[in-house]
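Listing of run02.json; format and content: JSON, C-alpha atoms and all ligand atoms.
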```
[["chain", "number", "residue", "atom", "x", "y", "z"],
["A", 1, "MET", "CA", 128.22, 148.62, 88.49],
["A", 2, "SER", "CA", 127.63, 144.87, 88.42],
["A", 3, "LYS", "CA", 130.55, 142.62, 87.56],
["A", 4, "SER", "CA", 130.40, 140.09, 84.73],
["A", 5, "LEU", "CA", 130.80, 136.99, 86.95],
["A", 6, "GLU", "CA", 128.78, 138.04, 90.00],
["A", 7, "ASN", "CA", 126.84, 135.12, 91.55],
["A", 8, "LYS", "CA", 129.01, 132.58, 89.76],
["A", 9, "LEU", "CA", 130.99, 129.87, 91.56],
["A", 10, "ALA", "CA", 134.38, 129.09, 90.00],
["A", 11, "LEU", "CA", 136.86, 126.29, 90.68],
["A", 12, "VAL", "CA", 140.46, 126.78, 89.57],
["A", 13, "THR", "CA", 142.64, 123.70, 89.96],
["A", 14, "GLY", "CA", 146.26, 124.16, 91.06],
["A", 15, "SER", "CA", 145.71, 127.81, 91.94],
["A", 16, "SER", "CA", 148.09, 128.30, 94.85],
["A", 17, "ARG", "CA", 150.72, 129.72, 92.47],
["A", 18, "GLY", "CA", 151.62, 130.56, 88.88],
["A", 19, "ILE", "CA", 148.99, 130.79, 86.17],
["A", 20, "GLY", "CA", 146.30, 129.24, 88.38],
["A", 21, "ALA", "CA", 146.76, 131.88, 91.09],
["A", 22, "ALA", "CA", 146.50, 134.67, 88.51],
["A", 23, "ILE", "CA", 143.30, 133.12, 87.13],
["A", 24, "ALA", "CA", 141.76, 132.80, 90.61],
["A", 25, "VAL", "CA", 142.54, 136.45, 91.39],
["A", 26, "ARG", "CA", 141.16, 137.64, 88.03],
["A", 27, "LEU", "CA", 137.91, 135.64, 88.21],
["A", 28, "ALA", "CA", 137.35, 136.94, 91.74],
["A", 29, "ALA", "CA", 137.92, 140.50, 90.48],
["A", 30, "GLU", "CA", 135.16, 139.83, 87.92],
["A", 31, "GLY", "CA", 132.85, 138.98, 90.85],
["A", 32, "ALA", "CA", 133.04, 135.16, 91.00],
["A", 33, "SER", "CA", 133.35, 133.26, 94.27],
["A", 34, "VAL", "CA", 136.44, 131.14, 93.81],
["A", 35, "ILE", "CA", 137.66, 127.77, 95.07],
["A", 36, "VAL", "CA", 141.44, 127.86, 95.24],
["A", 37, "ASN", "CA", 142.54, 124.24, 94.90],
["A", 38, "TYR", "CA", 145.99, 123.16, 96.03],
["A", 39, "ALA", "CA", 147.76, 119.85, 96.49],
["A", 40, "ALA", "CA", 150.45, 120.45, 99.10],
["A", 41, "SER", "CA", 150.99, 124.08, 100.06],
["A", 42, "PRO", "CA", 148.19, 125.44, 102.27],
["A", 43, "ALA", "CA", 150.15, 128.59, 103.11],
["A", 44, "ARG", "CA", 150.41, 129.62, 99.46],
["A", 45, "ALA", "CA", 146.74, 128.84, 98.80],
["A", 46, "GLU", "CA", 145.76, 130.90, 101.85],
["A", 47, "ALA", "CA", 147.91, 133.76, 100.54],
["A", 48, "VAL", "CA", 145.90, 133.74, 97.29],
["A", 49, "VAL", "CA", 142.64, 133.65, 99.28],
["A", 50, "ALA", "CA", 143.88, 136.60, 101.39],
["A", 51, "GLU", "CA", 144.84, 138.58, 98.28],
["A", 52, "ILE", "CA", 141.33, 138.05, 96.89],
["A", 53, "ALA", "CA", 139.70, 139.03, 100.21],
["A", 54, "LYS", "CA", 141.85, 142.16, 100.42],
["A", 55, "ALA", "CA", 140.53, 143.23, 97.01],
["A", 56, "GLY", "CA", 136.94, 142.70, 98.25],
["A", 57, "GLY", "CA", 136.41, 139.26, 96.67],
["A", 58, "HIS", "CA", 135.46, 135.87, 98.08],
["A", 59, "ALA", "CA", 137.51, 132.66, 97.92],
["A", 60, "GLU", "CA", 138.13, 129.46, 99.88],
["A", 61, "ALA", "CA", 141.15, 127.14, 99.74],
["A", 62, "VAL", "CA", 140.43, 123.43, 99.22],
["A", 63, "GLN", "CA", 143.08, 120.70, 99.32],
["A", 64, "ALA", "CA", 142.93, 117.82, 96.83],
["A", 65, "ASP", "CA", 145.80, 115.99, 95.15],
["A", 66, "LEU", "CA", 144.58, 115.68, 91.58],
["A", 67, "GLY", "CA", 147.38, 113.29, 90.71],
["A", 68, "SER", "CA", 145.69, 110.67, 92.91],
["A", 69, "THR", "CA", 142.77, 108.45, 91.88],
["A", 70, "GLU", "CA", 140.40, 109.88, 94.46],
["A", 71, "GLY", "CA", 141.53, 113.54, 94.04],
["A", 72, "PRO", "CA", 138.87, 114.77, 91.58],
["A", 73, "LYS", "CA", 135.97, 113.20, 93.53],
["A", 74, "THR", "CA", 137.34, 114.60, 96.82],
["A", 75, "LEU", "CA", 137.50, 118.06, 95.29],
["A", 76, "ILE", "CA", 133.97, 118.02, 93.86],
["A", 77, "ALA", "CA", 132.62, 116.69, 97.18],
["A", 78, "ALA", "CA", 134.37, 119.52, 99.03],
["A", 79, "ILE", "CA", 132.78, 122.28, 96.94],
["A", 80, "ASP", "CA", 129.41, 122.33, 98.75],
["A", 81, "LYS", "CA", 131.19, 122.24, 102.09],
["A", 82, "ALA", "CA", 133.35, 125.22, 101.13],
["A", 83, "PHE", "CA", 130.50, 127.34, 99.78],
["A", 84, "GLY", "CA", 127.02, 125.74, 100.12],
["A", 85, "GLY", "CA", 124.15, 128.20, 100.63],
["A", 86, "LYS", "CA", 123.05, 129.75, 97.34],
["A", 87, "PHE", "CA", 125.77, 127.72, 95.58],
["A", 88, "GLU", "CA", 124.56, 124.33, 96.91],
["A", 89, "GLY", "CA", 124.86, 121.73, 94.14],
["A", 90, "ARG", "CA", 126.31, 124.29, 91.73],
["A", 91, "LEU", "CA", 129.56, 124.90, 89.93],
["A", 92, "ASP", "CA", 129.43, 127.54, 87.19],
["A", 93, "ILE", "CA", 133.04, 127.81, 86.01],
["A", 94, "LEU", "CA", 135.68, 125.09, 86.01],
["A", 95, "VAL", "CA", 139.22, 126.03, 85.04],
["A", 96, "ASN", "CA", 141.34, 122.90, 84.68],
["A", 97, "ASN", "CA", 144.76, 124.46, 85.23],
["A", 98, "ALA", "CA", 146.82, 122.03, 87.35],
["A", 99, "GLY", "CA", 149.52, 120.42, 85.26],
["A", 100, "THR", "CA", 153.00, 119.01, 85.40],
["A", 101, "VAL", "CA", 155.96, 118.45, 83.08],
["A", 102, "GLU", "CA", 159.16, 116.41, 83.27],
["A", 103, "PHE", "CA", 161.99, 116.98, 80.82],
["A", 104, "GLY", "CA", 164.21, 114.32, 79.23],
["A", 105, "PRO", "CA", 164.53, 111.91, 76.30],
["A", 106, "PHE", "CA", 161.40, 109.84, 75.73],
["A", 107, "LEU", "CA", 163.40, 106.59, 75.41],
["A", 108, "GLU", "CA", 164.62, 107.06, 79.00],
["A", 109, "SER", "CA", 161.21, 107.98, 80.43],
["A", 110, "SER", "CA", 159.71, 105.82, 83.19],
["A", 111, "ASP", "CA", 156.26, 104.34, 83.78],
["A", 112, "GLN", "CA", 156.05, 106.65, 86.82],
["A", 113, "SER", "CA", 156.60, 109.67, 84.61],
["A", 114, "TYR", "CA", 153.90, 108.45, 82.21],
["A", 115, "ASP", "CA", 151.45, 108.05, 85.13],
["A", 116, "LYS", "CA", 152.40, 111.41, 86.63],
["A", 117, "HIS", "CA", 151.77, 113.25, 83.34],
["A", 118, "PHE", "CA", 148.58, 111.49, 82.37],
["A", 119, "ASN", "CA", 146.96, 111.25, 85.83],
["A", 120, "LEU", "CA", 147.22, 114.98, 86.45],
["A", 121, "ASN", "CA", 147.17, 116.57, 82.98],
["A", 122, "VAL", "CA", 144.51, 114.32, 81.44],
["A", 123, "ARG", "CA", 142.63, 111.96, 83.77],
["A", 124, "SER", "CA", 141.84, 114.48, 86.51],
["A", 125, "LEU", "CA", 140.84, 117.10, 83.91],
["A", 126, "ILE", "CA", 138.43, 114.67, 82.26],
["A", 127, "GLU", "CA", 136.92, 113.48, 85.55],
["A", 128, "LEU", "CA", 136.44, 117.01, 86.89],
["A", 129, "SER", "CA", 134.89, 118.10, 83.60],
["A", 130, "LYS", "CA", 132.39, 115.24, 83.82],
["A", 131, "ASP", "CA", 131.32, 116.04, 87.37],
["A", 132, "ALA", "CA", 131.25, 119.78, 86.69],
["A", 133, "ALA", "CA", 129.21, 119.36, 83.49],
["A", 134, "LYS", "CA", 126.57, 117.39, 85.43],
["A", 135, "ARG", "CA", 126.19, 120.36, 87.78],
["A", 136, "MET", "CA", 126.28, 122.97, 85.01],
["A", 137, "THR", "CA", 123.72, 121.28, 82.75],
["A", 138, "LYS", "CA", 121.25, 121.32, 85.68],
["A", 139, "THR", "CA", 121.36, 125.13, 85.80],
["A", 140, "GLY", "CA", 121.73, 125.52, 82.02],
["A", 141, "TRP", "CA", 124.87, 127.68, 82.23],
["A", 142, "GLY", "CA", 128.51, 126.83, 82.58],
["A", 143, "ARG", "CA", 132.04, 127.38, 81.42],
["A", 144, "ILE", "CA", 134.69, 124.66, 81.27],
["A", 145, "ILE", "CA", 138.09, 126.14, 80.40],
["A", 146, "ASN", "CA", 141.05, 123.82, 79.97],
["A", 147, "ILE", "CA", 144.59, 125.13, 80.23],
["A", 148, "GLY", "CA", 146.44, 123.24, 77.52],
["A", 149, "SER", "CA", 149.63, 124.47, 75.91],
["A", 150, "ALA", "CA", 151.03, 125.81, 72.66],
["A", 151, "PHE", "CA", 152.46, 122.26, 72.72],
["A", 152, "GLY", "CA", 148.84, 121.08, 72.29],
["A", 153, "GLU", "CA", 148.99, 121.47, 68.53],
["A", 154, "ALA", "CA", 152.71, 121.52, 67.66],
["A", 155, "ALA", "CA", 155.92, 119.88, 68.86],
["A", 156, "PRO", "CA", 158.62, 122.52, 68.37],
["A", 157, "LEU", "CA", 161.07, 121.10, 70.96],
["A", 158, "PRO", "CA", 162.36, 117.60, 71.83],
["A", 159, "GLY", "CA", 162.49, 116.25, 75.39],
["A", 160, "VAL", "CA", 158.85, 116.89, 76.35],
["A", 161, "THR", "CA", 157.12, 114.09, 74.46],
["A", 162, "LEU", "CA", 154.90, 112.81, 77.28],
["A", 163, "TYR", "CA", 153.86, 116.37, 78.15],
["A", 164, "ILE", "CA", 153.05, 117.12, 74.50],
["A", 165, "ALA", "CA", 151.00, 113.91, 74.28],
["A", 166, "THR", "CA", 148.93, 115.04, 77.28],
["A", 167, "LYS", "CA", 148.37, 118.53, 75.89],
["A", 168, "PHE", "CA", 147.25, 117.18, 72.50],
["A", 169, "ALA", "CA", 144.79, 115.05, 74.51],
["A", 170, "VAL", "CA", 143.53, 118.17, 76.30],
["A", 171, "HIS", "CA", 143.11, 119.95, 72.95],
["A", 172, "GLY", "CA", 141.09, 117.05, 71.48],
["A", 173, "PHE", "CA", 139.00, 116.52, 74.61],
["A", 174, "THR", "CA", 138.07, 120.21, 74.66],
["A", 175, "ARG", "CA", 136.81, 120.11, 71.10],
["A", 176, "ALA", "CA", 134.96, 116.81, 71.51],
["A", 177, "LEU", "CA", 133.23, 117.75, 74.78],
["A", 178, "SER", "CA", 132.15, 121.12, 73.36],
["A", 179, "ARG", "CA", 130.22, 119.25, 70.70],
["A", 180, "GLU", "CA", 128.50, 116.96, 73.23],
["A", 181, "LEU", "CA", 127.47, 119.85, 75.49],
["A", 182, "GLY", "CA", 126.75, 122.38, 72.75],
["A", 183, "SER", "CA", 122.99, 122.56, 73.29],
["A", 184, "THR", "CA", 123.10, 122.75, 77.10],
["A", 185, "GLY", "CA", 124.30, 126.31, 77.76],
["A", 186, "VAL", "CA", 127.71, 124.99, 78.81],
["A", 187, "THR", "CA", 130.69, 126.00, 76.67],
["A", 188, "VAL", "CA", 133.99, 124.14, 76.64],
["A", 189, "ASN", "CA", 137.10, 125.99, 75.51],
["A", 190, "GLY", "CA", 140.83, 125.87, 75.99],
["A", 191, "VAL", "CA", 143.62, 128.37, 76.49],
["A", 192, "GLN", "CA", 146.99, 127.26, 75.14],
["A", 193, "PRO", "CA", 149.83, 129.26, 76.73],
["A", 194, "GLY", "CA", 153.25, 129.70, 75.21],
["A", 195, "PRO", "CA", 156.19, 130.33, 77.55],
["A", 196, "ILE", "CA", 154.89, 131.99, 80.71],
["A", 197, "ASP", "CA", 157.17, 133.13, 83.50],
["A", 198, "THR", "CA", 156.27, 130.79, 86.41],
["A", 199, "GLU", "CA", 158.10, 128.31, 88.65],
["A", 200, "LEU", "CA", 157.34, 125.63, 86.04],
["A", 201, "SER", "CA", 159.05, 127.62, 83.31],
["A", 202, "PRO", "CA", 161.05, 130.52, 84.77],
["A", 203, "ASP", "CA", 162.31, 133.45, 82.70],
["A", 204, "ASP", "CA", 165.77, 133.04, 84.29],
["A", 205, "ASN", "CA", 167.81, 134.01, 81.22],
["A", 206, "GLY", "CA", 169.32, 130.50, 81.07],
["A", 207, "PRO", "CA", 169.79, 128.68, 77.72],
["A", 208, "ALA", "CA", 166.29, 127.12, 77.79],
["A", 209, "ALA", "CA", 164.68, 130.49, 78.52],
["A", 210, "GLN", "CA", 166.67, 132.16, 75.73],
["A", 211, "THR", "CA", 165.56, 129.49, 73.24],
["A", 212, "MET", "CA", 161.93, 129.85, 74.25],
["A", 213, "LYS", "CA", 162.03, 133.63, 73.90],
["A", 214, "LYS", "CA", 163.46, 133.29, 70.39],
["A", 215, "LEU", "CA", 160.63, 130.92, 69.41],
["A", 216, "THR", "CA", 158.06, 133.64, 70.12],
["A", 217, "SER", "CA", 157.73, 136.53, 67.69],
["A", 218, "VAL", "CA", 157.32, 139.10, 70.48],
["A", 219, "GLY", "CA", 160.68, 138.03, 71.97],
["A", 220, "ARG", "CA", 159.59, 137.61, 75.57],
["A", 221, "PHE", "CA", 157.90, 135.35, 78.11],
["A", 222, "GLY", "CA", 154.25, 136.00, 78.84],
["A", 223, "LYS", "CA", 152.89, 136.89, 82.27],
["A", 224, "ALA", "CA", 150.46, 134.67, 84.19],
["A", 225, "GLU", "CA", 148.02, 137.61, 84.14],
["A", 226, "GLU", "CA", 147.99, 137.50, 80.33],
["A", 227, "ILE", "CA", 146.64, 133.94, 80.49],
["A", 228, "ALA", "CA", 144.16, 134.99, 83.18],
["A", 229, "SER", "CA", 142.80, 137.69, 80.80],
["A", 230, "ALA", "CA", 142.12, 135.07, 78.13],
["A", 231, "VAL", "CA", 140.34, 132.87, 80.69],
["A", 232, "ALA", "CA", 138.23, 135.81, 81.90],
["A", 233, "PHE", "CA", 137.27, 136.55, 78.28],
["A", 234, "LEU", "CA", 136.08, 132.96, 77.71],
["A", 235, "ALA", "CA", 134.28, 132.85, 81.07],
["A", 236, "ASN", "CA", 132.33, 136.04, 80.32],
["A", 237, "PRO", "CA", 128.61, 135.54, 79.59],
["A", 238, "GLU", "CA", 129.17, 137.53, 76.37],
["A", 239, "SER", "CA", 131.40, 134.68, 75.05],
["A", 240, "ALA", "CA", 128.46, 132.24, 74.78],
["A", 241, "PHE", "CA", 128.99, 131.75, 71.03],
["A", 242, "ILE", "CA", 132.62, 130.66, 71.46],
["A", 243, "ASN", "CA", 132.63, 126.88, 71.86],
["A", 244, "GLY", "CA", 135.27, 124.22, 71.15],
["A", 245, "GLU", "CA", 137.95, 126.86, 70.65],
["A", 246, "ASN", "CA", 141.55, 126.36, 71.78],
["A", 247, "LEU", "CA", 142.77, 129.92, 72.12],
["A", 248, "THR", "CA", 146.54, 130.08, 71.73],
["A", 249, "VAL", "CA", 148.18, 132.81, 73.83],
["A", 250, "ASP", "CA", 151.84, 132.34, 73.00],
["A", 251, "GLY", "CA", 153.41, 135.58, 71.78],
["A", 252, "GLY", "CA", 153.35, 134.22, 68.24],
["A", 253, "TRP", "CA", 155.19, 130.94, 68.97],
["A", 254, "ASN", "CA", 152.85, 128.81, 66.82],
["A", 255, "ALA", "CA", 152.25, 131.45, 64.13],
["B", 301, "LIG", "N1", 154.39, 128.19, 82.40],
["B", 301, "LIG", "C1", 154.33, 127.88, 81.13],
["B", 301, "LIG", "O1", 155.21, 128.29, 80.34],
["B", 301, "LIG", "C2", 153.21, 127.06, 80.58],
["B", 301, "LIG", "C3", 153.14, 126.91, 79.19],
["B", 301, "LIG", "C4", 152.11, 126.16, 78.64],
["B", 301, "LIG", "C5", 151.19, 125.57, 79.47],
["B", 301, "LIG", "N2", 151.27, 125.72, 80.82],
["B", 301, "LIG", "C6", 150.25, 125.05, 81.63],
["B", 301, "LIG", "O2", 149.68, 125.96, 82.55],
["B", 301, "LIG", "C7", 149.27, 125.27, 83.73],
["B", 301, "LIG", "C8", 149.84, 125.97, 84.96],
["B", 301, "LIG", "O3", 151.24, 126.00, 84.84],
["B", 301, "LIG", "P1", 152.20, 126.97, 85.69],
["B", 301, "LIG", "O4", 153.23, 127.46, 84.76],
["B", 301, "LIG", "O5", 151.40, 127.92, 86.49],
["B", 301, "LIG", "O6", 152.91, 125.88, 86.60],
["B", 301, "LIG", "P2", 153.22, 125.80, 88.16],
["B", 301, "LIG", "O7", 154.06, 124.59, 88.35],
["B", 301, "LIG", "O8", 153.72, 127.11, 88.66],
["B", 301, "LIG", "O9", 151.78, 125.57, 88.72],
["B", 301, "LIG", "C9", 151.12, 124.35, 88.57],
["B", 301, "LIG", "C10", 150.04, 124.29, 89.59],
["B", 301, "LIG", "O10", 149.50, 122.98, 89.60],
["B", 301, "LIG", "C11", 149.48, 122.53, 90.94],
["B", 301, "LIG", "N3", 149.61, 121.09, 91.03],
["B", 301, "LIG", "C12", 150.70, 120.34, 90.73],
["B", 301, "LIG", "N4", 150.44, 119.05, 91.02],
["B", 301, "LIG", "C13", 149.17, 119.01, 91.51],
["B", 301, "LIG", "C14", 148.34, 117.98, 91.98],
["B", 301, "LIG", "N5", 148.77, 116.71, 92.01],
["B", 301, "LIG", "N6", 147.08, 118.29, 92.42],
["B", 301, "LIG", "C15", 146.63, 119.57, 92.39],
["B", 301, "LIG", "N7", 147.39, 120.60, 91.95],
["B", 301, "LIG", "C16", 148.63, 120.31, 91.52],
["B", 301, "LIG", "C17", 150.65, 123.21, 91.60],
["B", 301, "LIG", "O11", 150.50, 123.23, 93.00],
["B", 301, "LIG", "C18", 150.56, 124.59, 90.99],
["B", 301, "LIG", "O12", 149.64, 125.40, 91.68],
["B", 301, "LIG", "C19", 149.74, 123.82, 83.56],
["B", 301, "LIG", "O13", 148.66, 123.04, 83.08],
["B", 301, "LIG", "C20", 150.81, 123.93, 82.50],
["B", 301, "LIG", "O14", 150.97, 122.75, 81.75],
["B", 301, "LIG", "C21", 152.27, 126.45, 81.38]]
```

structure tokens encoding of this file:
Amino acid sequence: MSKSLENKLALVTGSSRGIGAAIAVRLAAEGASVIVNYAASPARAEAVVAEIAKAGGHAEAVQADLGSTEGPKTLIAAIDKAFGGKFEGRLDILVNNAGTVEFGPFLESSDQSYDKHFNLNVRSLIELSKDAAKRMTKTGWGRIINIGSAFGEAAPLPGVTLYIATKFAVHGFTRALSRELGSTGVTVNGVQPGPIDTELSPDDNGPAAQTMKKLTSVGRFGKAEEIASAVAFLANPESAFINGENLTVDGGWNA
């Protein structure tokens, strides 16, 4: 039986661990060839590639620090090198997943923290989307999926103001770009996770984790695989009529 994403080339940023790794594994299981981007941990990226290969899929690890000015261009340039052949000049699915957060009162935040948040969470996502959309509009099919946050349309907690500002930007960019690309066969959607058990936000039963669980209606953290399912749904060719949607997957946090 053919798989829904066979003959598609997917790039998942920051996919050596956490939500990104789960997305890479899931898209590969749907038949896509996957670029596993990482910034600093080749061993973990190679472990994701090995997991995909073991399950009969195809992936390559590509290093690029997306917090740096040249990171997005380096990554796009590396795609043809990693895959080439029938995928030369193509990129069918872009999942902008890499992101960072620093906690603390806004009035004590530094310029470095501002740059760190915005360079990775916003600037690199916008640049990659631009380069990817140029490739996708040439073939007339594409999926850009931005991993925002339940904090992309609400601010239920203090101490994450810069992060929330970036995720609202991701939410707005997703909607605006979907309108520009609407007639091209390329859809642009977002997935907005609530608390997901990863190294960024561990379900360690500490006070922060307890608070976050209480803010959901299901009373638990989500799993990275539950975000990957939402991404696979939006990437599916059958989702062509879903465009400009920010799909919140948060256990009822923002209900
Ligand atoms: N975990 C949550 O509760 C949660 C909730 C809402 C949104 N999100 C969003 O989901 C995405 C993934 O989060 P996660 O929980 O898996 O976090 P994580 O910290 O486990 O993973 C983040 C990934 O981004 C990569 N990354 C960090 N800096 C990078 C850089 N400069 N260049 C390239 N890659 C870089 C990391 O290597 C890692 O693979 C982020 O955008 C995050 O904001 C997470």

Report as an MDAnalysis selection string which protein, DNA and RNA residues come within 8 Å of ligand LIG 301 (chain B), using all atoms listed in the file.
chainID A and resid 13:21 37:41 63:68 71 96:101 120:121 147:151 163 167 192:202 221:222 224

Measure the distance from CA of Ala133 (chain A) to CA of Asn7 (chain A) in Å and round it to one decimal.
17.9 Å

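Closest approach to Ser113 (chain A) among A:Thr74, A:Leu162, A:Gly89, A:Glu153: A:Leu162, based on only C-alpha atoms.
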
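Note that CA of Leu157 (chain A) and CA of Val170 (chain A) are 18.6 Å apart.
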
Any idea what the distance is between CA of His58 (chain A) and CA of Arg123 (chain A)?
28.8 Å

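Counting only C-alpha atoms and comparing A:Ala45, A:Leu107, A:Ala22, A:Met136, the residue that lies closest to Leu9 (chain A) is A:Met136.
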
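Residues surrounding Glu46 (chain A) within 9 Å are Ser16, Val36, Glu60 and Ala61 of chain A [only C-alpha atoms; sequence separation below 6 positions excluded].
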
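If only C-alpha atoms are the atoms counted, then among A:Gly56, A:Gly219, A:Pro158, A:Pro42 the closest residue to Pro105 (chain A) is A:Pro158.
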
Show me the residues close to (144.9, 136.1, 79.9) - anything with an atom within 10 Å, counting all atoms listed in the file - and format the list as a ChimeraX atom specification.
/A:19,22-23,26,191,193,222-234,249

For a cutoff of 12 Å around the file-coordinate point (143.1, 111.8, 74.6), which residues qualify once you count all atoms listed in the file? I'd like the result as a short mmCIF file (atom, residue, chain, number, x, y, z; two decimals) with C-alpha atoms, keeping the file's coordinate frame.
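Wrote it out as point.cif, contents follow:
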```
data_model
loop_
_atom_site.label_atom_id
_atom_site.label_comp_id
_atom_site.auth_asym_id
_atom_site.auth_seq_id
_atom_site.Cartn_x
_atom_site.Cartn_y
_atom_site.Cartn_z
CA PHE A 118 148.58 111.49 82.37
CA ASN A 119 146.96 111.25 85.83
CA ASN A 121 147.17 116.57 82.98
CA VAL A 122 144.51 114.32 81.44
CA ARG A 123 142.63 111.96 83.77
CA LEU A 125 140.84 117.10 83.91
CA ILE A 126 138.43 114.67 82.26
CA GLY A 152 148.84 121.08 72.29
CA ILE A 164 153.05 117.12 74.50
CA ALA A 165 151.00 113.91 74.28
CA THR A 166 148.93 115.04 77.28
CA LYS A 167 148.37 118.53 75.89
CA PHE A 168 147.25 117.18 72.50
CA ALA A 169 144.79 115.05 74.51
CA VAL A 170 143.53 118.17 76.30
CA HIS A 171 143.11 119.95 72.95
CA GLY A 172 141.09 117.05 71.48
CA PHE A 173 139.00 116.52 74.61
CA THR A 174 138.07 120.21 74.66
CA ARG A 175 136.81 120.11 71.10
CA ALA A 176 134.96 116.81 71.51
CA LEU A 177 133.23 117.75 74.78
#
```

Rank nothing, just name the residue among A:Ala155, A:Gln210, A:Val62, A:Arg44 nearest to Asp80 (chain A), using all atoms listed in the file.
A:Val62

Near Ala10 (chain A), counting all atoms listed in the file, which residues have an atom at most 12 Å away, once you skip same-chain residues fewer than 5 positions from it, shown as a ChimeraX atom specification?
/A:5,15,23-37,58-60,76,79,82-83,87,90-96,132,136,142-145,231-232,235

Could you check which of A:Asn236, A:Pro72, A:Gln112, A:Ala154 is closest to Glu6 (chain A), using all atoms listed in the file?
A:Asn236

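With all atoms listed in the file as the atoms that count, the residue of A:Ala77, A:Val188, A:Val160, A:Lys130 with the shortest distance to Asn246 (chain A) is A:Val188.
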
Report, as lines of an AutoDock Vina configuration file, the centre and edge lengths in Å (one decimal) of the axis-aligned box enclosing every listed atom of region 97-114 of chain A, padded by 8 Å on each side.
```
center_x = 154.7
center_y = 114.4
center_z = 81.4
size_x = 35.9
size_y = 36.1
size_z = 27.9
```

Working from the structure I just supplied, which lacks atoms in region 21-34 of chain A, can you model N, CA and C atoms there and output them as a PDB file, in the coordinates of the input?
```pdb
ATOM      1  N   ALA A  21     146.986 130.809  90.105  1.00  0.00           N
ATOM      2  CA  ALA A  21     146.760 131.880  91.090  1.00  0.00           C
ATOM      3  C   ALA A  21     146.284 133.144  90.394  1.00  0.00           C
ATOM      4  N   ALA A  22     146.907 133.467  89.249  1.00  0.00           N
ATOM      5  CA  ALA A  22     146.500 134.670  88.510  1.00  0.00           C
ATOM      6  C   ALA A  22     145.057 134.544  88.012  1.00  0.00           C
ATOM      7  N   ILE A  23     144.679 133.333  87.596  1.00  0.00           N
ATOM      8  CA  ILE A  23     143.300 133.120  87.130  1.00  0.00           C
ATOM      9  C   ILE A  23     142.313 133.282  88.291  1.00  0.00           C
ATOM     10  N   ALA A  24     142.648 132.692  89.446  1.00  0.00           N
ATOM     11  CA  ALA A  24     141.760 132.800  90.610  1.00  0.00           C
ATOM     12  C   ALA A  24     141.531 134.266  90.986  1.00  0.00           C
ATOM     13  N   VAL A  25     142.627 135.028  91.017  1.00  0.00           N
ATOM     14  CA  VAL A  25     142.540 136.450  91.390  1.00  0.00           C
ATOM     15  C   VAL A  25     141.688 137.211  90.360  1.00  0.00           C
ATOM     16  N   ARG A  26     141.880 136.912  89.088  1.00  0.00           N
ATOM     17  CA  ARG A  26     141.160 137.640  88.030  1.00  0.00           C
ATOM     18  C   ARG A  26     139.659 137.301  88.042  1.00  0.00           C
ATOM     19  N   LEU A  27     139.329 136.008  88.188  1.00  0.00           N
ATOM     20  CA  LEU A  27     137.910 135.640  88.210  1.00  0.00           C
ATOM     21  C   LEU A  27     137.209 136.249  89.420  1.00  0.00           C
ATOM     22  N   ALA A  28     137.923 136.304  90.545  1.00  0.00           N
ATOM     23  CA  ALA A  28     137.350 136.940  91.740  1.00  0.00           C
ATOM     24  C   ALA A  28     137.131 138.439  91.496  1.00  0.00           C
ATOM     25  N   ALA A  29     138.067 139.070  90.790  1.00  0.00           N
ATOM     26  CA  ALA A  29     137.920 140.500  90.480  1.00  0.00           C
ATOM     27  C   ALA A  29     136.713 140.743  89.577  1.00  0.00           C
ATOM     28  N   GLU A  30     136.351 139.712  88.790  1.00  0.00           N
ATOM     29  CA  GLU A  30     135.160 139.830  87.920  1.00  0.00           C
ATOM     30  C   GLU A  30     133.884 139.498  88.695  1.00  0.00           C
ATOM     31  N   GLY A  31     134.022 139.183  89.998  1.00  0.00           N
ATOM     32  CA  GLY A  31     132.850 138.980  90.850  1.00  0.00           C
ATOM     33  C   GLY A  31     132.561 137.544  91.219  1.00  0.00           C
ATOM     34  N   ALA A  32     133.305 136.569  90.673  1.00  0.00           N
ATOM     35  CA  ALA A  32     133.040 135.160  91.000  1.00  0.00           C
ATOM     36  C   ALA A  32     133.513 134.828  92.412  1.00  0.00           C
ATOM     37  N   SER A  33     132.837 133.885  93.051  1.00  0.00           N
ATOM     38  CA  SER A  33     133.350 133.260  94.270  1.00  0.00           C
ATOM     39  C   SER A  33     134.233 132.113  93.825  1.00  0.00           C
ATOM     40  N   VAL A  34     135.430 132.017  94.402  1.00  0.00           N
ATOM     41  CA  VAL A  34     136.440 131.140  93.810  1.00  0.00           C
ATOM     42  C   VAL A  34     136.938 130.072  94.806  1.00  0.00           C
TER      43      VAL A  34
END
```
